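Data from my_file_31.cif: mmCIF, C-alpha atoms and all ligand atoms
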```cif
data_data
#
loop_
_atom_site.label_atom_id
_atom_site.label_comp_id
_atom_site.auth_asym_id
_atom_site.auth_seq_id
_atom_site.Cartn_x
_atom_site.Cartn_y
_atom_site.Cartn_z
CA MET A 111 -23.44 -7.36 -15.70
CA ILE A 112 -19.95 -8.15 -14.48
CA ARG A 113 -20.24 -8.61 -10.73
CA PRO A 114 -17.52 -7.10 -8.53
CA HIS A 115 -15.90 -10.43 -7.60
CA ARG A 116 -15.28 -11.12 -11.29
CA SER A 117 -13.42 -7.93 -12.08
CA HIS A 118 -9.88 -9.27 -12.33
CA PRO A 119 -7.76 -9.90 -15.45
CA LEU A 120 -7.77 -13.70 -15.32
CA TRP A 121 -11.54 -13.87 -15.08
CA TYR A 122 -11.74 -11.66 -18.17
CA ALA A 123 -9.28 -14.03 -19.86
CA PHE A 124 -11.60 -16.93 -18.99
CA MET A 125 -14.64 -15.09 -20.37
CA LEU A 126 -12.84 -14.08 -23.57
CA HIS A 127 -11.90 -17.72 -24.11
CA ARG A 128 -15.48 -18.82 -23.53
CA LEU A 129 -17.04 -16.17 -25.80
CA SER A 130 -14.49 -16.65 -28.60
CA GLY A 131 -15.13 -20.39 -28.45
CA LEU A 132 -18.89 -19.88 -28.67
CA ALA A 133 -18.58 -17.41 -31.55
CA LEU A 134 -16.31 -19.78 -33.45
CA ALA A 135 -18.70 -22.66 -32.89
CA LEU A 136 -21.52 -20.57 -34.38
CA PHE A 137 -19.37 -19.50 -37.31
CA LEU A 138 -17.95 -22.91 -38.23
CA PRO A 139 -21.13 -24.45 -39.74
CA PHE A 140 -21.41 -21.39 -42.01
CA HIS A 141 -17.74 -21.69 -42.91
CA PHE A 142 -18.14 -25.37 -43.87
CA TYR A 143 -21.29 -24.59 -45.83
CA VAL A 144 -19.43 -22.01 -47.95
CA LEU A 145 -16.55 -24.41 -48.50
CA SER A 146 -18.97 -27.14 -49.54
CA LEU A 147 -20.27 -24.82 -52.27
CA ALA A 148 -16.92 -25.30 -54.02
CA LEU A 149 -17.97 -28.90 -54.62
CA THR A 150 -21.72 -28.57 -55.07
CA ASN A 151 -22.24 -25.17 -56.70
CA ALA A 152 -19.07 -23.69 -58.18
CA ALA A 153 -20.84 -20.66 -59.65
CA ARG A 154 -22.26 -19.56 -56.30
CA PHE A 155 -18.95 -20.23 -54.62
CA GLY A 156 -17.28 -17.96 -57.18
CA SER A 157 -19.68 -15.11 -56.53
CA PHE A 158 -19.23 -15.58 -52.82
CA ILE A 159 -15.48 -15.28 -53.12
CA GLU A 160 -16.00 -11.97 -54.99
CA TRP A 161 -18.04 -10.68 -52.09
CA VAL A 162 -15.25 -11.57 -49.67
CA HIS A 163 -13.28 -8.53 -50.87
CA HIS A 164 -15.93 -6.09 -49.70
CA PRO A 165 -14.38 -3.85 -46.99
CA LEU A 166 -17.06 -4.70 -44.45
CA VAL A 167 -16.46 -8.38 -44.96
CA VAL A 168 -12.72 -7.84 -44.53
CA VAL A 169 -13.37 -6.13 -41.20
CA ALA A 170 -15.68 -8.96 -40.12
CA GLU A 171 -13.08 -11.53 -41.15
CA THR A 172 -10.43 -9.67 -39.19
CA GLY A 173 -12.69 -10.10 -36.18
CA LEU A 174 -12.94 -13.81 -36.88
CA VAL A 175 -9.18 -14.15 -37.24
CA PHE A 176 -8.84 -12.37 -33.91
CA LEU A 177 -11.31 -14.75 -32.27
CA LEU A 178 -9.54 -17.76 -33.72
CA ALA A 179 -6.13 -16.51 -32.59
CA VAL A 180 -7.31 -15.56 -29.12
CA HIS A 181 -8.96 -18.95 -28.67
CA PHE A 182 -5.83 -20.67 -29.95
CA PHE A 183 -3.37 -18.81 -27.71
CA GLY A 184 -5.80 -18.85 -24.79
CA GLY A 185 -6.08 -22.61 -25.23
CA LEU A 186 -2.31 -22.98 -25.20
CA ARG A 187 -2.22 -20.89 -22.03
CA LEU A 188 -4.72 -23.21 -20.35
CA ILE A 189 -2.93 -26.36 -21.46
CA ALA A 190 0.31 -24.92 -20.05
CA LEU A 191 -1.47 -23.95 -16.83
CA GLU A 192 -2.82 -27.46 -16.38
CA PHE A 193 0.05 -29.59 -17.61
CA LEU A 194 3.27 -27.69 -16.96
CA PRO A 195 4.69 -26.84 -13.55
CA TRP A 196 2.94 -23.77 -12.12
CA THR A 197 4.26 -20.36 -12.99
CA SER A 198 3.19 -17.20 -11.20
CA ARG A 199 3.16 -15.25 -14.48
CA GLN A 200 -0.44 -16.10 -15.37
CA LYS A 201 -1.44 -12.50 -16.07
CA THR A 202 1.59 -12.02 -18.31
CA LEU A 203 0.71 -15.15 -20.26
CA ALA A 204 -2.89 -13.99 -20.69
CA ALA A 205 -1.68 -10.56 -21.83
CA PHE A 206 0.70 -12.22 -24.26
CA ALA A 207 -2.12 -14.33 -25.74
CA LEU A 208 -4.16 -11.16 -26.26
CA ALA A 209 -1.25 -9.21 -27.77
CA ALA A 210 -0.30 -12.05 -30.12
CA SER A 211 -3.94 -12.28 -31.27
CA PHE A 212 -4.07 -8.55 -32.01
CA PHE A 213 -0.84 -8.88 -33.95
CA ILE A 214 -2.15 -11.73 -36.06
CA ALA A 215 -5.51 -10.02 -36.68
CA CYS A 216 -3.75 -6.79 -37.74
CA ALA A 217 -1.39 -8.72 -40.00
CA PHE A 218 -4.41 -10.39 -41.62
CA PHE A 219 -6.15 -7.05 -42.05
CA LEU A 220 -3.13 -5.43 -43.67
CA SER A 221 -2.64 -8.29 -46.07
CA ALA A 222 -6.36 -8.34 -46.98
CA ILE A 223 -6.76 -4.67 -47.88
CA MET B 142 -10.84 -6.42 27.26
CA HIS B 143 -14.37 -6.56 25.91
CA ILE B 144 -14.55 -5.12 22.41
CA ARG B 145 -17.14 -2.60 23.42
CA GLU B 146 -14.94 -1.24 26.16
CA ALA B 147 -12.04 -1.02 23.72
CA TRP B 148 -14.13 1.31 21.63
CA LYS B 149 -14.99 3.45 24.60
CA ASP B 150 -11.28 4.08 25.20
CA GLU B 151 -11.00 5.72 21.81
CA PRO B 152 -12.98 8.74 20.75
CA LEU B 153 -15.93 7.02 19.10
CA VAL B 154 -16.49 9.61 16.46
CA SER B 155 -13.32 10.93 14.92
CA ASN B 156 -13.69 14.07 12.84
CA SER B 157 -14.52 11.94 9.81
CA GLY B 158 -18.22 11.68 10.80
CA THR B 159 -20.38 8.72 9.85
CA MET B 160 -20.72 6.42 6.85
CA LYS B 161 -23.63 4.61 5.25
CA VAL B 162 -23.47 0.85 5.69
CA SER B 163 -25.97 -1.46 3.98
CA VAL B 164 -26.31 -4.79 5.72
CA TRP B 165 -28.18 -7.84 4.44
CA ARG B 166 -31.01 -8.81 6.79
CA GLY B 167 -33.12 -11.90 6.41
CA GLN B 168 -33.37 -15.65 6.61
CA GLY B 169 -32.85 -18.20 3.85
CA ASP B 170 -33.63 -16.78 0.43
CA VAL B 171 -35.75 -13.92 1.74
CA GLY B 172 -34.26 -10.65 2.84
CA GLN B 173 -33.25 -7.11 1.96
CA PHE B 174 -30.52 -4.58 2.69
CA GLU B 175 -30.95 -2.33 5.71
CA GLU B 176 -29.01 0.89 6.06
CA PHE B 177 -27.11 1.99 9.16
CA ASP B 178 -25.11 5.14 9.94
CA VAL B 179 -21.87 4.03 11.52
CA PRO B 180 -19.21 6.32 13.03
CA VAL B 181 -15.99 6.40 11.05
CA LEU B 182 -12.88 5.63 13.10
CA ASP B 183 -9.29 6.04 12.04
CA ASN B 184 -8.51 2.39 12.38
CA GLN B 185 -11.51 0.24 11.66
CA THR B 186 -12.15 -3.14 10.10
CA ILE B 187 -15.36 -4.36 8.48
CA LEU B 188 -15.85 -6.67 11.46
CA ASP B 189 -15.61 -3.62 13.76
CA VAL B 190 -18.39 -2.02 11.73
CA VAL B 191 -20.63 -5.10 11.97
CA SER B 192 -19.93 -5.41 15.71
CA TRP B 193 -20.69 -1.72 16.24
CA ILE B 194 -24.07 -2.13 14.55
CA GLN B 195 -24.90 -5.19 16.64
CA GLN B 196 -23.78 -3.62 19.92
CA GLU B 197 -24.88 -0.02 19.47
CA SER B 198 -27.72 -0.06 16.99
CA ASP B 199 -29.49 -3.39 16.47
CA PRO B 200 -28.73 -6.28 18.86
CA THR B 201 -30.68 -8.73 16.67
CA LEU B 202 -28.05 -8.62 13.90
CA THR B 203 -26.61 -12.11 13.41
CA TYR B 204 -23.03 -12.68 12.26
CA ARG B 205 -20.10 -14.90 13.11
CA PHE B 206 -16.56 -14.30 14.26
CA ALA B 207 -14.13 -15.69 16.81
CA CYS B 208 -10.45 -14.79 16.71
CA ARG B 209 -10.51 -11.28 15.16
CA VAL B 210 -6.93 -11.79 13.96
CA GLY B 211 -7.27 -13.83 10.76
CA MET B 212 -6.74 -17.26 12.27
CA CYS B 213 -10.11 -18.96 12.63
CA GLY B 214 -11.75 -18.34 9.27
CA SER B 215 -15.22 -17.69 10.65
CA CYS B 216 -15.79 -14.04 9.76
CA ALA B 217 -15.89 -14.05 5.94
CA MET B 218 -18.61 -12.00 4.21
CA MET B 219 -19.24 -10.27 0.91
CA VAL B 220 -18.02 -6.69 1.17
CA ASN B 221 -19.05 -4.47 -1.74
CA GLY B 222 -19.60 -7.62 -3.77
CA LYS B 223 -16.24 -9.25 -3.02
CA PRO B 224 -15.56 -12.05 -0.54
CA ARG B 225 -13.32 -10.90 2.32
CA TRP B 226 -12.14 -11.93 5.79
CA THR B 227 -13.82 -9.07 7.59
CA CYS B 228 -11.60 -8.99 10.69
CA ARG B 229 -8.58 -8.10 8.57
CA THR B 230 -10.25 -5.94 5.97
CA HIS B 231 -9.85 -2.26 6.66
CA VAL B 232 -12.77 0.01 5.95
CA LYS B 233 -10.48 2.55 4.29
CA LYS B 234 -9.36 0.00 1.73
CA VAL B 235 -12.79 -1.13 0.59
CA ARG B 236 -15.11 1.86 0.96
CA LYS B 237 -16.65 2.71 -2.38
CA ASP B 238 -17.89 6.27 -2.79
CA GLY B 239 -17.98 6.49 0.98
CA ALA B 240 -20.40 3.56 1.35
CA ILE B 241 -20.14 -0.10 2.28
CA GLU B 242 -22.42 -3.02 1.47
CA ILE B 243 -22.07 -6.13 3.60
CA ALA B 244 -23.77 -9.42 2.71
CA PRO B 245 -23.42 -13.08 3.69
CA LEU B 246 -20.93 -15.23 1.75
CA ARG B 247 -22.02 -16.10 -1.76
CA ASN B 248 -22.65 -19.71 -2.88
CA LEU B 249 -23.83 -20.84 0.55
CA PRO B 250 -27.32 -20.92 2.09
CA VAL B 251 -28.03 -18.11 4.57
CA ILE B 252 -28.89 -19.02 8.15
CA LYS B 253 -29.72 -15.46 9.18
CA ASP B 254 -28.42 -12.01 8.23
CA LEU B 255 -24.65 -12.30 7.73
CA ALA B 256 -24.22 -15.88 8.91
CA ALA B 257 -23.91 -18.37 6.03
CA ASP B 258 -24.49 -22.08 6.53
CA MET B 259 -21.08 -23.74 6.05
CA THR B 260 -22.37 -27.34 6.18
CA GLU B 261 -21.96 -28.15 2.48
CA PHE B 262 -18.55 -26.48 2.45
CA PHE B 263 -17.27 -28.84 5.15
CA ASP B 264 -19.13 -31.87 3.74
CA LYS B 265 -17.30 -31.36 0.46
CA TRP B 266 -14.00 -31.19 2.34
CA VAL B 267 -14.73 -34.74 3.55
CA LYS B 268 -16.01 -35.86 0.11
CA ALA B 269 -12.73 -34.73 -1.45
CA GLU B 270 -10.95 -37.03 1.04
CA GLY B 271 -9.55 -33.98 2.78
CA VAL B 272 -9.05 -36.19 5.82
CA PHE B 273 -5.63 -37.50 6.78
CA HIS B 274 -5.28 -41.29 6.61
CA PRO B 275 -2.22 -42.19 8.67
CA SER B 276 0.11 -44.88 7.39
CA LYS B 277 1.52 -45.57 10.84
CA THR B 278 0.20 -46.04 14.35
CA ARG B 279 1.26 -44.20 17.49
CA GLU B 280 3.31 -47.28 18.36
CA ASP B 281 5.62 -46.74 15.36
CA PRO B 282 8.66 -44.50 15.57
CA ILE B 283 8.14 -40.97 14.20
CA GLU B 284 8.88 -40.88 10.51
CA PRO B 285 11.57 -38.39 9.51
CA ILE B 286 10.24 -36.00 6.85
CA ASN B 287 12.55 -34.19 4.48
CA HIS B 288 11.30 -30.63 4.34
CA GLU B 289 13.35 -29.96 1.24
CA SER B 290 11.65 -32.66 -0.83
CA ASN B 291 9.56 -31.48 -3.76
CA ALA B 292 6.42 -33.23 -2.49
CA ARG B 293 6.72 -31.70 0.98
CA GLN B 294 7.24 -28.22 -0.48
CA GLN B 295 4.11 -28.60 -2.61
CA ALA B 296 2.16 -29.75 0.44
CA SER B 297 3.47 -26.88 2.57
CA ALA B 298 2.65 -24.28 -0.08
CA ALA B 299 -1.05 -25.16 0.15
CA ILE B 300 -1.39 -26.01 3.82
CA GLU B 301 -2.14 -22.70 5.56
CA CYS B 302 -5.88 -22.82 4.80
CA ILE B 303 -8.14 -21.38 7.51
CA ASN B 304 -11.40 -22.77 6.02
CA CYS B 305 -12.85 -19.32 5.57
CA ALA B 306 -14.72 -20.20 2.32
CA VAL B 307 -13.69 -16.91 0.70
CA CYS B 308 -12.47 -18.89 -2.32
CA TYR B 309 -15.67 -20.93 -2.35
CA ALA B 310 -17.72 -17.73 -2.49
CA ALA B 311 -15.52 -16.33 -5.29
CA CYS B 312 -15.78 -19.44 -7.48
CA ASP B 313 -18.19 -19.30 -10.42
CA SER B 314 -17.90 -23.05 -10.96
CA VAL B 315 -19.38 -23.57 -7.51
CA SER B 316 -22.31 -21.30 -8.44
CA SER B 317 -22.99 -23.10 -11.71
CA ASN B 318 -22.44 -26.66 -10.46
CA SER B 319 -23.67 -27.42 -6.97
CA ASP B 320 -21.77 -30.74 -6.98
CA TYR B 321 -18.43 -29.06 -7.54
CA LEU B 322 -16.19 -29.74 -4.55
CA GLY B 323 -14.73 -26.24 -4.74
CA PRO B 324 -11.28 -24.72 -4.37
CA ALA B 325 -10.72 -25.18 -0.63
CA ALA B 326 -11.56 -28.91 -0.49
CA LEU B 327 -9.50 -29.65 -3.60
CA ASN B 328 -6.61 -27.55 -2.33
CA ARG B 329 -6.69 -29.59 0.86
CA ALA B 330 -6.78 -32.85 -1.14
CA TRP B 331 -3.66 -31.68 -2.97
CA THR B 332 -1.73 -31.16 0.29
CA LEU B 333 -2.56 -34.73 1.28
CA VAL B 334 -1.67 -36.17 -2.14
CA ASN B 335 1.77 -34.72 -1.48
CA ASP B 336 1.95 -35.85 2.16
CA GLU B 337 4.31 -38.83 2.39
CA ARG B 338 2.77 -39.90 5.70
CA ASP B 339 -0.67 -40.36 4.19
CA SER B 340 -1.81 -43.79 2.99
CA ALA B 341 -4.91 -43.02 0.91
CA ALA B 342 -3.45 -41.46 -2.24
CA GLU B 343 -5.37 -43.61 -4.70
CA GLN B 344 -8.69 -43.34 -2.87
CA ARG B 345 -8.27 -39.56 -2.74
CA LEU B 346 -7.36 -39.17 -6.40
CA LYS B 347 -10.44 -41.20 -7.29
CA ALA B 348 -12.57 -38.97 -5.06
CA VAL B 349 -11.39 -35.81 -6.81
CA SER B 350 -11.41 -37.22 -10.36
CA GLY B 351 -15.14 -37.88 -10.74
CA ASP B 352 -18.11 -35.58 -11.36
CA GLY B 353 -17.71 -32.29 -9.55
CA GLY B 354 -14.02 -33.00 -8.96
CA CYS B 355 -10.90 -31.20 -10.13
CA HIS B 356 -11.88 -31.43 -13.81
CA SER B 357 -14.85 -29.14 -13.17
CA CYS B 358 -12.50 -26.25 -12.41
CA HIS B 359 -12.40 -23.64 -15.18
CA SER B 360 -9.20 -21.97 -14.01
CA HIS B 361 -10.67 -18.49 -13.51
CA GLN B 362 -8.24 -18.06 -10.62
CA SER B 363 -10.79 -16.06 -8.65
CA CYS B 364 -10.04 -18.36 -5.72
CA MET B 365 -6.37 -17.43 -5.63
CA ASN B 366 -7.22 -13.82 -6.32
CA TYR B 367 -9.25 -13.55 -3.11
CA CYS B 368 -7.70 -16.13 -0.77
CA PRO B 369 -6.69 -13.99 2.23
CA ASN B 370 -3.81 -16.31 3.03
CA GLU B 371 -2.49 -15.97 -0.50
CA LEU B 372 -2.87 -19.66 -1.20
CA ASN B 373 -3.26 -20.77 -4.79
CA PRO B 374 -6.07 -23.35 -5.12
CA THR B 375 -5.91 -23.09 -8.93
CA ALA B 376 -2.33 -24.37 -8.88
CA SER B 377 -3.29 -27.16 -6.46
CA ILE B 378 -6.22 -28.16 -8.68
CA ALA B 379 -3.95 -28.12 -11.75
CA GLY B 380 -1.71 -30.54 -9.84
CA LEU B 381 -4.69 -32.80 -9.15
CA LYS B 382 -5.70 -32.66 -12.82
CA ARG B 383 -2.21 -33.81 -13.83
CA GLU B 384 -2.20 -36.68 -11.34
CA SER B 385 -5.70 -37.61 -12.39
CA VAL B 386 -4.99 -37.84 -16.13
CA LYS B 387 -1.91 -39.91 -15.42
CA ASN B 388 -4.36 -42.54 -14.23
CA LEU B 389 -6.93 -42.67 -17.00
CA SER B 390 -7.67 -46.29 -16.14
CA TRP B 391 -9.83 -45.09 -13.22
CA TRP B 392 -12.28 -43.71 -15.70
CA GLY B 393 -12.75 -47.17 -17.23
CA TRP B 394 -10.38 -46.54 -20.15
S1 LIG A 401 -9.85 -21.59 -10.63
FE1 LIG A 401 -11.22 -23.32 -10.30
S2 LIG A 401 -11.58 -23.36 -8.11
FE2 LIG A 401 -10.66 -21.37 -8.58
S3 LIG A 401 -12.40 -19.99 -8.87
FE3 LIG A 401 -11.95 -20.84 -10.87
S4 LIG A 401 -13.20 -22.69 -11.09
FE4 LIG A 401 -13.20 -22.09 -8.93
S1 LIG A 402 -8.00 -21.66 0.40
FE1 LIG A 402 -7.81 -19.55 1.19
S2 LIG A 402 -9.80 -18.64 0.72
FE2 LIG A 402 -10.07 -20.82 0.54
S3 LIG A 402 -10.82 -21.48 2.54
FE3 LIG A 402 -8.59 -21.71 2.56
S4 LIG A 402 -7.81 -19.80 3.38
FE4 LIG A 402 -9.93 -19.42 2.82
S1 LIG A 403 -12.55 -13.63 13.11
FE1 LIG A 403 -11.14 -15.27 12.89
S2 LIG A 403 -10.47 -15.02 10.84
FE2 LIG A 403 -11.72 -13.27 11.12
#
```
Take the structure I supplied and represent it as structure tokens, if you would.
Ligand code: SF4
Ligand code: SF4
Ligand code: FES
Amino acid sequence: MIRPHRSHPLWYAFMLHRLSGLALALFLPFHFYVLSLALTNAARFGSFIEWVHHPLVVVAETGLVFLLAVHFFGGLRLIALEFLPWTSRQKTLAAFALAASFFIACAFFLSAI
Amino acid sequence: MHIREAWKDEPLVSNSGTMKVSVWRGQGDVGQFEEFDVPVLDNQTILDVVSWIQQESDPTLTYRFACRVGMCGSCAMMVNGKPRWTCRTHVKKVRKDGAIEIAPLRNLPVIKDLAADMTEFFDKWVKAEGVFHPSKTREDPIEPINHESNARQQASAAIECINCAVCYAACDSVSSNSDYLGPAALNRAWTLVNDERDSAAEQRLKAVSGDGGCHSCHSHQSCMNYCPNELNPTASIAGLKRESVKNLSWWGW
């Protein structure tokens, strides 16, 4: 449950960064495994790549692209927060990171279908 | 005038009737909420509500306050789950569905009822080298300080802290890491890092660079979101992080 003291945009930005990071960490081993098939088992890799065009998989991949983008832009936001002079536009920056991630995920989706 | 008398001057019950107020009762980790019916007044702070309960309903209720005008920092509590300075929090602003829940500050041990034990909060202030180390004695002439200088402006921006621990109660890094020095102590350290009259810059940066120091902050910005004096501990901590990484040699690198 989200406790009352946490209900403000920048806490949500923190949690989104944390969850996207965790999800990516879980996904990466699988990602590397599939890539390794290209070297160790070309036939299976080929059939896997076929499967990648299934609509459900495209939707799932769009989600992954979103997570990657939101972690990337969120990370840039945090690096700026910690290493550049302070700006009071923290909420705007967080909103921008989210919007840019949606944009990239949608662009991926449109190019994949 | 005694607070109680002040109430008697006003009509105690305005036409708005009464409200349900749940108040945390107990000692240490053990306790439960107890409900009180409190008259609604036109102009009423959360501290007024707590004082009314203690004076009119249950004299054993324990809580803490002193100035009643947002200067002393002793009256902070959790109000409907959010940390607030109760003497300057109006009931009208925070009532949720007509009800109010009041609990002791989060992240601190409870002494009794609404009074939290602030010992660790102040100990961490000292651990973060939040103490001024003068570079001159009283025999020396007074040093002229340029109020326009960048360092002085950074120090001034963070200096109006009243030690209320609202930020400390809002901080999730404090809840997950009991060694974390917390926003208030680190914010104080940052004012002193920028104070030209202080002589302990290196000692202080070392104190805030280790375990539980500025690098344990996750930048949620809950501290600045709730600080009643509108200070920005996150920005101060970011400043400490920058100064700290400029001196990687302290970490044995
Ligand atoms: S920004 Fe840092 S100090 Fe402030 S609430 Fe978050 S972790 Fe705590
Ligand atoms: S920084 Fe703000 S919230 Fe924290 S103790 Fe000081 S005045 Fe209170
Ligand atoms: S009683 Fe002093 S700050 Fe609230």
Please identify all polymer residues within 7 Å of Pro324 in chain B, counting all atoms listed in the file, omitting same-chain residues fewer than 6 positions from it, and present them as a PDB file with C-alpha atoms, in the frame of the given file.
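Done, and the output landed in around21.pdb:
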```pdb
ATOM      1  CA  CYS B 308     -12.470 -18.890  -2.320  1.00  0.00           C
ATOM      2  CA  TYR B 309     -15.670 -20.930  -2.350  1.00  0.00           C
ATOM      3  CA  CYS B 364     -10.040 -18.360  -5.720  1.00  0.00           C
ATOM      4  CA  PRO B 374      -6.070 -23.350  -5.120  1.00  0.00           C
TER       5      PRO B 374
END
```
Which polymer residues have any atom within 10 Å of an atom of Arg225 in chain B, counting only C-alpha atoms, with same-chain residues fewer than 2 positions away left out, as a tab-separated table (two decimals) with C-alpha atoms, in the coordinates of the input?
```tsv
chain	number	residue	atom	x	y	z
B	187	ILE	CA	-15.36	-4.36	8.48
B	216	CYS	CA	-15.79	-14.04	9.76
B	217	ALA	CA	-15.89	-14.05	5.94
B	218	MET	CA	-18.61	-12.00	4.21
B	219	MET	CA	-19.24	-10.27	0.91
B	220	VAL	CA	-18.02	-6.69	1.17
B	221	ASN	CA	-19.05	-4.47	-1.74
B	222	GLY	CA	-19.60	-7.62	-3.77
B	223	LYS	CA	-16.24	-9.25	-3.02
B	227	THR	CA	-13.82	-9.07	7.59
B	228	CYS	CA	-11.60	-8.99	10.69
B	229	ARG	CA	-8.58	-8.10	8.57
B	230	THR	CA	-10.25	-5.94	5.97
B	235	VAL	CA	-12.79	-1.13	0.59
B	246	LEU	CA	-20.93	-15.23	1.75
B	305	CYS	CA	-12.85	-19.32	5.57
B	306	ALA	CA	-14.72	-20.20	2.32
B	307	VAL	CA	-13.69	-16.91	0.70
B	308	CYS	CA	-12.47	-18.89	-2.32
B	310	ALA	CA	-17.72	-17.73	-2.49
B	311	ALA	CA	-15.52	-16.33	-5.29
B	367	TYR	CA	-9.25	-13.55	-3.11
B	368	CYS	CA	-7.70	-16.13	-0.77
B	369	PRO	CA	-6.69	-13.99	2.23
```
So that each row is one residue of chain B with an atom at most 8 Å from ligand LIG 403 (chain A), can you give its shortest atom pair and the distance in Å to one decimal, using all atoms listed in the file, rows by chain and rising number, as a Markdown table?
```
| residue | atom | partner | partner_atom | distance |
| --- | --- | --- | --- | --- |
| B:Leu188 | CA | A:LIG403 | FE2 | 7.8 |
| B:Arg205 | CA | A:LIG403 | S1 | 7.7 |
| B:Phe206 | CA | A:LIG403 | S1 | 4.2 |
| B:Ala207 | CA | A:LIG403 | S1 | 4.5 |
| B:Cys208 | CA | A:LIG403 | FE1 | 3.9 |
| B:Arg209 | CA | A:LIG403 | S1 | 3.7 |
| B:Val210 | CA | A:LIG403 | FE1 | 5.6 |
| B:Gly211 | CA | A:LIG403 | S2 | 3.4 |
| B:Met212 | CA | A:LIG403 | S2 | 4.6 |
| B:Cys213 | CA | A:LIG403 | FE1 | 3.8 |
| B:Gly214 | CA | A:LIG403 | S2 | 3.9 |
| B:Ser215 | CA | A:LIG403 | FE1 | 5.2 |
| B:Cys216 | CA | A:LIG403 | FE2 | 4.4 |
| B:Ala217 | CA | A:LIG403 | FE2 | 6.7 |
| B:Trp226 | CA | A:LIG403 | FE2 | 5.5 |
| B:Thr227 | CA | A:LIG403 | FE2 | 5.9 |
| B:Cys228 | CA | A:LIG403 | FE2 | 4.3 |
| B:Arg229 | CA | A:LIG403 | FE2 | 6.6 |
| B:Ile303 | CA | A:LIG403 | S2 | 7.5 |
| B:Cys305 | CA | A:LIG403 | S2 | 7.2 |
```
### Query
Using all atoms listed in the file, which protein or nucleic acid residues are at most 7 Å from ligand LIG 401 (chain A), as a VMD selection string?
chain B and resid 308 311 to 315 323 to 324 357 to 365 374 to 375
### Message
Using all atoms listed in the file, I'd like every residue of chain A that has an atom within 12 Å of chain B; please write them out as JSON, numbers by chain.
### Response
{"A": [112, 113, 114, 115, 116, 117, 118, 119, 120, 121, 122, 123, 124, 125, 126, 127, 128, 184, 185, 187, 188, 189, 190, 191, 192, 193, 194, 195, 196, 197, 198, 200, 201, 204]}
### Query
Which is closest to ligand LIG 402 (chain A) among B:Lys387, B:Lys347, B:Arg329, B:Arg338, if we use only C-alpha atoms and all ligand atoms?
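Checking each of B:Lys387, B:Lys347, B:Arg329, B:Arg338 against ligand LIG 402 (chain A), counting only C-alpha atoms and all ligand atoms, the winner is B:Arg329.
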For Asp339 in chain B, list every protein, DNA or RNA residue within 8 Å, evaluated using only C-alpha atoms, and leave out those in the same chain fewer than 2 positions away; present the list as a PDB file with C-alpha atoms, in the frame of the given file.
```pdb
ATOM      1  CA  PHE B 273      -5.630 -37.500   6.780  1.00  0.00           C
ATOM      2  CA  HIS B 274      -5.280 -41.290   6.610  1.00  0.00           C
ATOM      3  CA  PRO B 275      -2.220 -42.190   8.670  1.00  0.00           C
ATOM      4  CA  SER B 276       0.110 -44.880   7.390  1.00  0.00           C
ATOM      5  CA  LEU B 333      -2.560 -34.730   1.280  1.00  0.00           C
ATOM      6  CA  VAL B 334      -1.670 -36.170  -2.140  1.00  0.00           C
ATOM      7  CA  ASP B 336       1.950 -35.850   2.160  1.00  0.00           C
ATOM      8  CA  GLU B 337       4.310 -38.830   2.390  1.00  0.00           C
ATOM      9  CA  ALA B 341      -4.910 -43.020   0.910  1.00  0.00           C
ATOM     10  CA  ALA B 342      -3.450 -41.460  -2.240  1.00  0.00           C
TER      11      ALA B 342
END
```
### Message
Taking (-3.4, -24.3, 4.1) as a centre in this file's frame and 9 Å as the limit, can you find every polymer residue with an atom that close, using all atoms listed in the file, and give them as a list in words?
### Response
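Applying the cut-off with all atoms listed in the file, one gets Ala296, Ser297, Ala298, Ala299, Ile300, Glu301, Cys302, Ile303, Asn304, Ala325, Asn328, Arg329, Thr332, Asn370 and Leu372 of chain B.
One distance worth recording is that between CA of Phe176 in chain A and CA of Ile223 in chain A, which is 16.1 Å.
Atom pair CA of Leu322 in chain B / CA of Asp352 in chain B: separated by 9.2 Å.
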Return as lines of an AutoDock Vina configuration file the centre and edge lengths, in Å with one decimal, of the box along x, y and z that encloses every atom of ligand LIG 402 (chain A) in the file, padded by 5 Å per side.
```
center_x = -9.3
center_y = -20.2
center_z = 1.9
size_x = 13.0
size_y = 13.1
size_z = 13.0
```
